[in-house]
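One structure is given here, and the rest of the page talks about it.
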Amino acid sequence: MNLFEQIPNWKFYLLGAYPAGPLGGLTLNIALAVISIFFGLLIGIFFGLGRTSCRRYIRYPCVFYIENMRSMPLLMIVFWFYFFLPMIGFRLPLFWVAVIPLSFYAGAYQAEIVRAGFLAVPKGQMEAALSSGMSRGQALLTVVMPQAFKLMIPSFVSFFNSQFKNTSVVYIIGIVELTQTGIIISQRQPNKMFSAYICMAIGFWVVCYSMSHFARRLERKLGILDYESYKPEICRDDLALLPLPKTVKRLMITNK
Amino acid sequence: MIKFKNVSKKFNNNTYVLKDINLEIESGEVVVICGPSGGGKSTLIKTINKLEPIDEGEIIVNGLSLQTAGTNLTALRADIGVVFQHLNLYPHKTAIQNLMLAPIKVKKLSKNDAKEKACKLMERIGLANKCNAYPSQLSGGEQQRVAIARSLAMEPKIMLFDEPTSALDPELTSEVLDVMVSLAQSGMTMVVVTHEIGFACSVADRVVFMDKGEIVEVGKPPDIFVNPKQKRTREFMSKILHIPVNNINGDNQ
């Protein structure tokens, strides 16, 4: 196997058939992820807040949506929209047929992140804001929301990561994103199959890893996790009961 | 100024949190509420600005009934400052921004006016040099003083304190109490839930003893603390003053 044999194909991995055909490859994955996360965020804020509502006729539909979306496989939701939309008379470009289910799916997960973030802000903050004469809306916007969003960042990053990888599922309805590009290349040049699959993996890895990296820097900047003070100290006694070989334990010890 | 008329609040439809409360607080009066925990003190104080709704009765504040549907709740709340037990400063804003937020949002003051006012208040509580500190950089006592200043920034007519010193150690307690005493002497109407007997004796006009959602006894501080009439009050006072029961009430009984 030689990875360099894939160099002539780099344009296909990054852009698909573009500019001769539709956009594809890694760029399409990124586009799908960004757009579906954006719409998902709008859906998520709406349903996530709705789920914390004290009014039943708001809360129940939100719970219904979130729980059903989360208990179905993404593949099934994608198929469902692919066949269902033409049946009720919507004929959209394939790209949007992929974006819609991805957005609904992202919305359900982000709703839960939003809800968890808002619930994690101490109740007293809302009380303090209300008792100083602010309306509920003002209190939410200026006091609770900034704190909640800060708490949500780690969960959001983790979800963005998996959502980016989820976009590979839409190859099933004939969208030529990175996975499908790799499959096509490996089918046309079966002798280069192994390196084609490695290239796919590298594409996903680079994006996901740099996303986590930037997220960590952002977290440090916002002071969410103080990495400087968080240095676990492991000494010999901590590992005494672990059933591991001595050589492994020696590597794990940070404090002698 | 504040009037409770047969106020009751139930929890789960059978246990009373507040039971038939009748109390009238005059303008300029300092009332201390004390009693065992779970007695409904905090709930009583939160009903005054409707953070806790009530089930029966009526509360009238500044001549406005809280139970009438048309009452402008936000305007009413702007006139009532509340200081909580847990230090509820906004952690994402600096001390001075904490003070400026409500005046800008509710009273629509300009940023400069609000800032000028906030600076004066920070000076008044003796923290003029900590304007740009975040709450996490302040000590507990300083945080609580900033919380008091934040309520004062709205120029309230009534101040409510819900155990403002119970989360602080004794040394920090005194600096918070100093601010509260000076506030009381300036003629503010205050309702304070506290077990600080010294504070109650020096500035309180009346002490209300509450237990199990009921007002057990109301009176002048010396009467309640030294010469309580009710048995329940006597037991409680003996506990917080660490004096055996029969020593408080002499041989009258």
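Residue names in the structure tokens use chain letters A, B, ... in the order shown, residue numbers from 1 in each chain, and ligand numbers from 1 in the order shown.
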I'd like the contact shell of range 151-156 of chain A - 9 Å cut-off, only C-alpha atoms, skipping same-chain residues fewer than 4 positions apart - returned as an MDAnalysis selection string. chainID A and resid 110 113:114 116:118 120:121 146:147 160:161 215:216 219 224
Hey, what's within 8 Å of Ala102 in chain B if we count only C-alpha atoms and toss same-chain stuff fewer than 6 positions away? As a VMD selection string, please? (chain A and resid 129 132 to 134) or (chain B and resid 153 to 154)
As number ranges by chain, please: the residues near Lys157 in chain B (cut-off 7 Å, only C-alpha atoms, same-chain neighbours under 3 positions excluded). B: 79-80, 188-189
Can I get the selection written as a tab-separated table (two decimals), in the first residue's frame, with all heavy atoms?
chain	number	residue	atom	x	y	z
B	79	ASP	N	-39.35	48.27	43.07
B	79	ASP	CA	-39.38	49.05	44.30
B	79	ASP	C	-38.98	48.23	45.53
B	79	ASP	O	-38.92	48.75	46.63
B	79	ASP	CB	-40.79	49.63	44.53
B	79	ASP	CG	-40.97	50.90	43.74
B	79	ASP	OD1	-39.95	51.47	43.32
B	79	ASP	OD2	-42.12	51.32	43.55
B	80	ILE	N	-38.79	46.93	45.34
B	80	ILE	CA	-38.45	46.06	46.46
B	80	ILE	C	-37.09	45.42	46.20
B	80	ILE	O	-36.92	44.69	45.23
B	80	ILE	CB	-39.50	44.94	46.63
B	80	ILE	CG1	-40.91	45.54	46.72
B	80	ILE	CG2	-39.21	44.11	47.86
B	80	ILE	CD1	-42.00	44.51	46.75
B	188	MET	N	-34.87	53.18	55.99
B	188	MET	CA	-35.41	52.23	55.02
B	188	MET	C	-36.37	51.25	55.69
B	188	MET	O	-36.15	50.84	56.83
B	188	MET	CB	-34.22	51.46	54.41
B	188	MET	CG	-34.58	50.38	53.44
B	188	MET	SD	-35.17	50.99	51.88
B	188	MET	CE	-33.64	51.46	51.09
B	189	THR	N	-37.43	50.89	54.98
B	189	THR	CA	-38.30	49.82	55.46
B	189	THR	C	-37.59	48.50	55.21
B	189	THR	O	-37.20	48.22	54.08
B	189	THR	CB	-39.63	49.81	54.68
B	189	THR	OG1	-40.13	51.13	54.64
B	189	THR	CG2	-40.63	48.88	55.32
Using only C-alpha atoms, select each residue of chain A with any atom at most 10 Å away from an atom of chain B, and give the selection as a PyMOL selection string. chain A and resi 122-136+138-139+142-144+146-147+150
Could you name the residues that touch range 30-40 of chain A at 8 Å or less, counting only C-alpha atoms, but leaving out those on the same chain fewer than 6 positions away, as a PDB file with N, CA, C and O atoms, in the first residue's frame?
ATOM      1  N   ALA A  98     -31.002  16.045   2.138  1.00  0.00           N
ATOM      2  CA  ALA A  98     -30.077  15.551   3.160  1.00  0.00           C
ATOM      3  C   ALA A  98     -30.035  16.479   4.365  1.00  0.00           C
ATOM      4  O   ALA A  98     -29.962  16.037   5.505  1.00  0.00           O
ATOM      5  N   VAL A  99     -30.096  17.793   4.100  1.00  0.00           N
ATOM      6  CA  VAL A  99     -29.963  18.764   5.189  1.00  0.00           C
ATOM      7  C   VAL A  99     -31.139  18.680   6.157  1.00  0.00           C
ATOM      8  O   VAL A  99     -30.957  18.749   7.374  1.00  0.00           O
ATOM      9  N   ILE A 100     -32.351  18.488   5.625  1.00  0.00           N
ATOM     10  CA  ILE A 100     -33.535  18.538   6.496  1.00  0.00           C
ATOM     11  C   ILE A 100     -33.512  17.464   7.582  1.00  0.00           C
ATOM     12  O   ILE A 100     -33.607  17.785   8.772  1.00  0.00           O
ATOM     13  N   LEU A 102     -30.977  15.794   8.702  1.00  0.00           N
ATOM     14  CA  LEU A 102     -29.828  16.048   9.574  1.00  0.00           C
ATOM     15  C   LEU A 102     -30.132  17.166  10.570  1.00  0.00           C
ATOM     16  O   LEU A 102     -29.762  17.094  11.744  1.00  0.00           O
ATOM     17  N   SER A 103     -30.850  18.205  10.103  1.00  0.00           N
ATOM     18  CA  SER A 103     -31.176  19.316  10.991  1.00  0.00           C
ATOM     19  C   SER A 103     -32.145  18.885  12.084  1.00  0.00           C
ATOM     20  O   SER A 103     -31.984  19.248  13.255  1.00  0.00           O
ATOM     21  N   PHE A 104     -33.179  18.115  11.688  1.00  0.00           N
ATOM     22  CA  PHE A 104     -34.138  17.663  12.698  1.00  0.00           C
ATOM     23  C   PHE A 104     -33.463  16.783  13.752  1.00  0.00           C
ATOM     24  O   PHE A 104     -33.723  16.891  14.943  1.00  0.00           O
ATOM     25  N   TYR A 105     -32.575  15.935  13.249  1.00  0.00           N
ATOM     26  CA  TYR A 105     -31.844  15.047  14.156  1.00  0.00           C
ATOM     27  C   TYR A 105     -30.960  15.874  15.090  1.00  0.00           C
ATOM     28  O   TYR A 105     -30.977  15.698  16.309  1.00  0.00           O
ATOM     29  N   ALA A 106     -30.210  16.830  14.526  1.00  0.00           N
ATOM     30  CA  ALA A 106     -29.346  17.691  15.338  1.00  0.00           C
ATOM     31  C   ALA A 106     -30.173  18.499  16.331  1.00  0.00           C
ATOM     32  O   ALA A 106     -29.779  18.688  17.482  1.00  0.00           O
ATOM     33  N   GLY A 107     -31.359  18.944  15.872  1.00  0.00           N
ATOM     34  CA  GLY A 107     -32.218  19.753  16.741  1.00  0.00           C
ATOM     35  C   GLY A 107     -32.586  19.029  18.021  1.00  0.00           C
ATOM     36  O   GLY A 107     -32.560  19.607  19.105  1.00  0.00           O
ATOM     37  N   ALA A 108     -32.915  17.735  17.894  1.00  0.00           N
ATOM     38  CA  ALA A 108     -33.323  16.975  19.077  1.00  0.00           C
ATOM     39  C   ALA A 108     -32.180  16.879  20.081  1.00  0.00           C
ATOM     40  O   ALA A 108     -32.372  17.069  21.282  1.00  0.00           O
ATOM     41  N   GLN A 110     -29.479  18.849  20.258  1.00  0.00           N
ATOM     42  CA  GLN A 110     -29.090  20.160  20.777  1.00  0.00           C
ATOM     43  C   GLN A 110     -30.134  20.701  21.745  1.00  0.00           C
ATOM     44  O   GLN A 110     -29.812  21.452  22.655  1.00  0.00           O
ATOM     45  N   PHE A 160     -21.029  18.497  17.937  1.00  0.00           N
ATOM     46  CA  PHE A 160     -20.597  18.930  16.595  1.00  0.00           C
ATOM     47  C   PHE A 160     -19.719  17.863  15.970  1.00  0.00           C
ATOM     48  O   PHE A 160     -19.828  17.550  14.792  1.00  0.00           O
ATOM     49  N   GLN A 163     -21.833  14.993  14.921  1.00  0.00           N
ATOM     50  CA  GLN A 163     -22.708  15.388  13.813  1.00  0.00           C
ATOM     51  C   GLN A 163     -21.920  15.460  12.501  1.00  0.00           C
ATOM     52  O   GLN A 163     -22.408  15.077  11.455  1.00  0.00           O
ATOM     53  N   PHE A 164     -20.685  15.938  12.593  1.00  0.00           N
ATOM     54  CA  PHE A 164     -19.857  15.979  11.383  1.00  0.00           C
ATOM     55  C   PHE A 164     -19.682  14.579  10.814  1.00  0.00           C
ATOM     56  O   PHE A 164     -19.784  14.363   9.611  1.00  0.00           O
ATOM     57  N   THR A 167     -22.732  13.087   9.004  1.00  0.00           N
ATOM     58  CA  THR A 167     -23.079  13.505   7.632  1.00  0.00           C
ATOM     59  C   THR A 167     -22.694  12.448   6.614  1.00  0.00           C
ATOM     60  O   THR A 167     -23.187  12.475   5.494  1.00  0.00           O
TER      61      THR A 167
END
Point-to-point distance from CA of Gly35 in chain B to CA of Leu64 in chain B, Å rounded to tenths: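 These atoms are spaced 28.3 Å apart.
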Pick out the residues sitting within 7 Å of Ile253 in chain A, and hand them over as a PyMOL selection string; count only C-alpha atoms, and ignore anything fewer than 6 positions along from it in its own chain. chain A and resi 234-236
Running DSSP on the backbone, which parts of range 110-227 of chain B land in strand (DSSP E), as a VMD selection string? chain B and resid 158 to 162 189 to 193 206 to 211 214 to 219
Just to be explicit: take each residue in the selection above, keep N, CA and C atoms, and write the result as a PDB file, in the first residue's frame.
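And here is the file that came out, selection39.pdb:
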ATOM      1  N   ILE B 158     -38.505  49.341  49.802  1.00  0.00           N
ATOM      2  CA  ILE B 158     -38.488  48.273  50.795  1.00  0.00           C
ATOM      3  C   ILE B 158     -37.273  47.386  50.512  1.00  0.00           C
ATOM      4  N   MET B 159     -36.607  46.946  51.570  1.00  0.00           N
ATOM      5  CA  MET B 159     -35.524  45.975  51.374  1.00  0.00           C
ATOM      6  C   MET B 159     -35.871  44.695  52.114  1.00  0.00           C
ATOM      7  N   LEU B 160     -35.736  43.555  51.434  1.00  0.00           N
ATOM      8  CA  LEU B 160     -35.966  42.262  52.073  1.00  0.00           C
ATOM      9  C   LEU B 160     -34.629  41.537  52.165  1.00  0.00           C
ATOM     10  N   PHE B 161     -34.345  40.964  53.313  1.00  0.00           N
ATOM     11  CA  PHE B 161     -33.101  40.205  53.468  1.00  0.00           C
ATOM     12  C   PHE B 161     -33.454  38.782  53.887  1.00  0.00           C
ATOM     13  N   ASP B 162     -32.979  37.812  53.112  1.00  0.00           N
ATOM     14  CA  ASP B 162     -33.261  36.422  53.435  1.00  0.00           C
ATOM     15  C   ASP B 162     -31.984  35.772  53.962  1.00  0.00           C
ATOM     16  N   THR B 189     -37.432  50.889  54.975  1.00  0.00           N
ATOM     17  CA  THR B 189     -38.300  49.823  55.456  1.00  0.00           C
ATOM     18  C   THR B 189     -37.591  48.499  55.209  1.00  0.00           C
ATOM     19  N   MET B 190     -37.404  47.723  56.240  1.00  0.00           N
ATOM     20  CA  MET B 190     -36.649  46.488  56.060  1.00  0.00           C
ATOM     21  C   MET B 190     -37.365  45.300  56.690  1.00  0.00           C
ATOM     22  N   VAL B 191     -37.356  44.176  55.985  1.00  0.00           N
ATOM     23  CA  VAL B 191     -37.809  42.918  56.561  1.00  0.00           C
ATOM     24  C   VAL B 191     -36.616  41.970  56.483  1.00  0.00           C
ATOM     25  N   VAL B 192     -36.166  41.506  57.636  1.00  0.00           N
ATOM     26  CA  VAL B 192     -34.923  40.745  57.673  1.00  0.00           C
ATOM     27  C   VAL B 192     -35.164  39.384  58.316  1.00  0.00           C
ATOM     28  N   VAL B 193     -34.844  38.322  57.588  1.00  0.00           N
ATOM     29  CA  VAL B 193     -34.824  37.003  58.207  1.00  0.00           C
ATOM     30  C   VAL B 193     -33.409  36.795  58.716  1.00  0.00           C
ATOM     31  N   ARG B 206     -39.526  45.536  65.596  1.00  0.00           N
ATOM     32  CA  ARG B 206     -40.323  44.394  66.046  1.00  0.00           C
ATOM     33  C   ARG B 206     -39.640  43.103  65.633  1.00  0.00           C
ATOM     34  N   VAL B 207     -39.892  42.056  66.387  1.00  0.00           N
ATOM     35  CA  VAL B 207     -39.393  40.734  66.031  1.00  0.00           C
ATOM     36  C   VAL B 207     -40.603  39.822  65.868  1.00  0.00           C
ATOM     37  N   VAL B 208     -40.597  39.064  64.767  1.00  0.00           N
ATOM     38  CA  VAL B 208     -41.673  38.104  64.515  1.00  0.00           C
ATOM     39  C   VAL B 208     -41.091  36.716  64.664  1.00  0.00           C
ATOM     40  N   PHE B 209     -41.697  35.898  65.508  1.00  0.00           N
ATOM     41  CA  PHE B 209     -41.224  34.522  65.637  1.00  0.00           C
ATOM     42  C   PHE B 209     -42.175  33.606  64.888  1.00  0.00           C
ATOM     43  N   MET B 210     -41.612  32.835  63.967  1.00  0.00           N
ATOM     44  CA  MET B 210     -42.440  31.943  63.137  1.00  0.00           C
ATOM     45  C   MET B 210     -42.053  30.500  63.351  1.00  0.00           C
ATOM     46  N   ASP B 211     -43.070  29.632  63.337  1.00  0.00           N
ATOM     47  CA  ASP B 211     -42.784  28.194  63.382  1.00  0.00           C
ATOM     48  C   ASP B 211     -43.897  27.450  62.663  1.00  0.00           C
ATOM     49  N   GLU B 214     -46.657  29.356  60.915  1.00  0.00           N
ATOM     50  CA  GLU B 214     -47.541  30.265  61.643  1.00  0.00           C
ATOM     51  C   GLU B 214     -46.719  31.330  62.360  1.00  0.00           C
ATOM     52  N   ILE B 215     -47.314  32.488  62.544  1.00  0.00           N
ATOM     53  CA  ILE B 215     -46.666  33.482  63.384  1.00  0.00           C
ATOM     54  C   ILE B 215     -47.005  33.138  64.827  1.00  0.00           C
ATOM     55  N   VAL B 216     -45.983  32.806  65.608  1.00  0.00           N
ATOM     56  CA  VAL B 216     -46.225  32.390  66.987  1.00  0.00           C
ATOM     57  C   VAL B 216     -46.306  33.615  67.888  1.00  0.00           C
ATOM     58  N   GLU B 217     -45.404  34.547  67.678  1.00  0.00           N
ATOM     59  CA  GLU B 217     -45.331  35.680  68.600  1.00  0.00           C
ATOM     60  C   GLU B 217     -44.742  36.892  67.891  1.00  0.00           C
ATOM     61  N   VAL B 218     -45.276  38.063  68.187  1.00  0.00           N
ATOM     62  CA  VAL B 218     -44.728  39.310  67.650  1.00  0.00           C
ATOM     63  C   VAL B 218     -44.494  40.250  68.818  1.00  0.00           C
ATOM     64  N   GLY B 219     -43.351  40.941  68.827  1.00  0.00           N
ATOM     65  CA  GLY B 219     -43.125  41.878  69.918  1.00  0.00           C
ATOM     66  C   GLY B 219     -41.834  42.634  69.750  1.00  0.00           C
TER      67      GLY B 219
END
What is the distance, in Å and to one decimal place, between CA of Ser186 in chain A and CA of Lys165 in chain A?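 Separation between CA of Ser186 in chain A and CA of Lys165 in chain A: 20.1 Å.
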When DSSP is applied to the backbone of this structure, which of range 1-249 of chain B are assigned helix (DSSP H, G or I)? Write them out as a count of residues only. 101
Can you list, as JSON, numbers by chain, every protein, DNA or RNA residue that comes within 9 Å of Cys131 in chain B when you count only C-alpha atoms, leaving out same-chain residues fewer than 3 positions away? {"B": [94, 95, 96, 97, 118, 119, 122, 127, 128, 134]}
Restrict the selected residues to C-alpha atoms and save them as an mmCIF file, in the first residue's frame.
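Okay, result01.cif is ready:
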data_model
loop_
_atom_site.group_PDB
_atom_site.id
_atom_site.type_symbol
_atom_site.label_atom_id
_atom_site.label_comp_id
_atom_site.auth_asym_id
_atom_site.auth_seq_id
_atom_site.Cartn_x
_atom_site.Cartn_y
_atom_site.Cartn_z
ATOM 1 C CA THR B 94 -18.038 42.515 37.260
ATOM 2 C CA ALA B 95 -19.179 44.049 40.535
ATOM 3 C CA ILE B 96 -20.031 47.372 38.942
ATOM 4 C CA GLN B 97 -21.798 45.722 35.997
ATOM 5 C CA ALA B 118 -23.014 52.503 40.894
ATOM 6 C CA CYS B 119 -19.664 54.093 41.764
ATOM 7 C CA MET B 122 -19.615 50.995 45.814
ATOM 8 C CA LEU B 127 -15.568 48.691 48.057
ATOM 9 C CA ALA B 128 -14.719 51.530 45.686
ATOM 10 C CA TYR B 134 -15.602 39.568 39.283
#
Excluding same-chain residues fewer than 5 positions from Lys3 in chain B, what lies within 10 Å of it counting only C-alpha atoms, as a list in words?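 Final neighbour list, sorted by chain and number: Ile21, Asn22, Leu23, Glu24, Ile25, Glu26, Ile48, Glu58, Ile59, Ile60, Val61, Asn62, Gly63, Leu64 and Ser65 of chain B.
Candidate residues A:Cys54, A:Leu26, A:Leu15, A:Val248 were compared for distance to Gly203 in chain A, and the nearest is A:Leu26, using only C-alpha atoms.
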